[in-house]
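Asks: First, the structure itself, so that you have it in front of you.
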Amino acid sequence: MAEPVVRLTANLSPQVAELLNNLAAQLGTTKTQALNQAIVTAARLYDASSKGARVIVKEGDTQREVNLQT
């Protein structure tokens, strides 16, 4: 049985729409699935950050802390 869904209409800026298109292409999935994944990821990052966790991005030998916007 299919999981129930909630239909949503969103107004995106052209820049954000392009980011969503690019993300879906990179993930090899639909824009809907890419948006679902992005929302879950953001929620988990914000939840961890609100509990004092730090978000660190490591690129090669360089790492930096990312401040999440609220």
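Every chain in the structure tokens has a letter given in the order shown (A, B, ...), and although residue numbers restart at 1 in each chain, ligands are simply numbered from 1 in the order shown.
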What's around A:Leu35 at 9 Å? Count only C-alpha atoms, leave out sequence neighbours fewer than 3 positions away in its own chain, and write the answer as a list in words.
Replies: Leu20, Leu23, Ala24, Thr30, Lys31, Thr32, Ala38, Ile39 and Val40 of chain A
Asks: Using only N, CA and C atoms, please write the residues we just selected to a file, as a compact mmCIF listing (two decimals), in the first residue's frame.
Replies:
```txt
# COMPACT_ATOMS: atom_id res chain seq x y z
N LEU A 20 16.91 23.21 -7.07
CA LEU A 20 16.14 21.98 -6.92
C LEU A 20 16.30 21.09 -8.15
N LEU A 23 19.75 19.57 -7.93
CA LEU A 23 19.82 18.55 -6.89
C LEU A 23 19.16 17.26 -7.34
N ALA A 24 17.99 17.36 -7.95
CA ALA A 24 17.30 16.17 -8.45
C ALA A 24 18.16 15.45 -9.48
N THR A 30 13.48 12.41 -8.73
CA THR A 30 12.51 13.44 -9.08
C THR A 30 12.71 14.68 -8.20
N LYS A 31 12.14 15.79 -8.65
CA LYS A 31 12.19 17.01 -7.83
C LYS A 31 11.44 16.80 -6.52
N THR A 32 10.36 16.05 -6.56
CA THR A 32 9.61 15.77 -5.33
C THR A 32 10.47 15.02 -4.32
N ALA A 38 15.81 16.98 0.94
CA ALA A 38 16.38 18.24 1.41
C ALA A 38 15.71 18.71 2.70
N ILE A 39 14.41 18.55 2.79
CA ILE A 39 13.68 18.98 3.99
C ILE A 39 14.07 18.11 5.18
N VAL A 40 14.15 16.81 4.99
CA VAL A 40 14.55 15.91 6.09
C VAL A 40 15.97 16.23 6.54
```
Asks: Please list as an MDAnalysis selection string every residue within 12 Å of A:Ala53, counting only C-alpha atoms and excluding residues in the same chain fewer than 4 positions away.
Replies: chainID A and resid 44:49 65:68
Asks: Residues of chain A in helix (DSSP H, G or I) according to DSSP, as a count of residues only?
Replies: 34
Asks: Can you list every residue in chain A that DSSP puts in strand (DSSP E or B), as a PyMOL selection string?
Replies: chain A and resi 55-59+62-66
Asks: One decimal, Å: what's the distance from atom CA of A:Val16 over to atom CA of A:Lys58, could you say?
Replies: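 Between atom CA of A:Val16 and atom CA of A:Lys58 the gap is 24.3 Å.
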Asks: Quote the spacing between atom CA of A:Ala34 and atom CA of A:Asn22 in Å to one decimal place.
Replies: 9.5 Å
Asks: For A:Val5, which residue out of A:Gly60, A:Leu27, A:Asn36, A:Asn21 is the nearest one, using only C-alpha atoms?
Replies: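 Result for the nearest residue to A:Val5: A:Asn36.
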Asks: Just the number, please: distance in Å from atom CA of A:Gln63 to atom CA of A:Gln33, one decimal.
Replies: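 Between atom CA of A:Gln63 and atom CA of A:Gln33 the gap is 29.1 Å.
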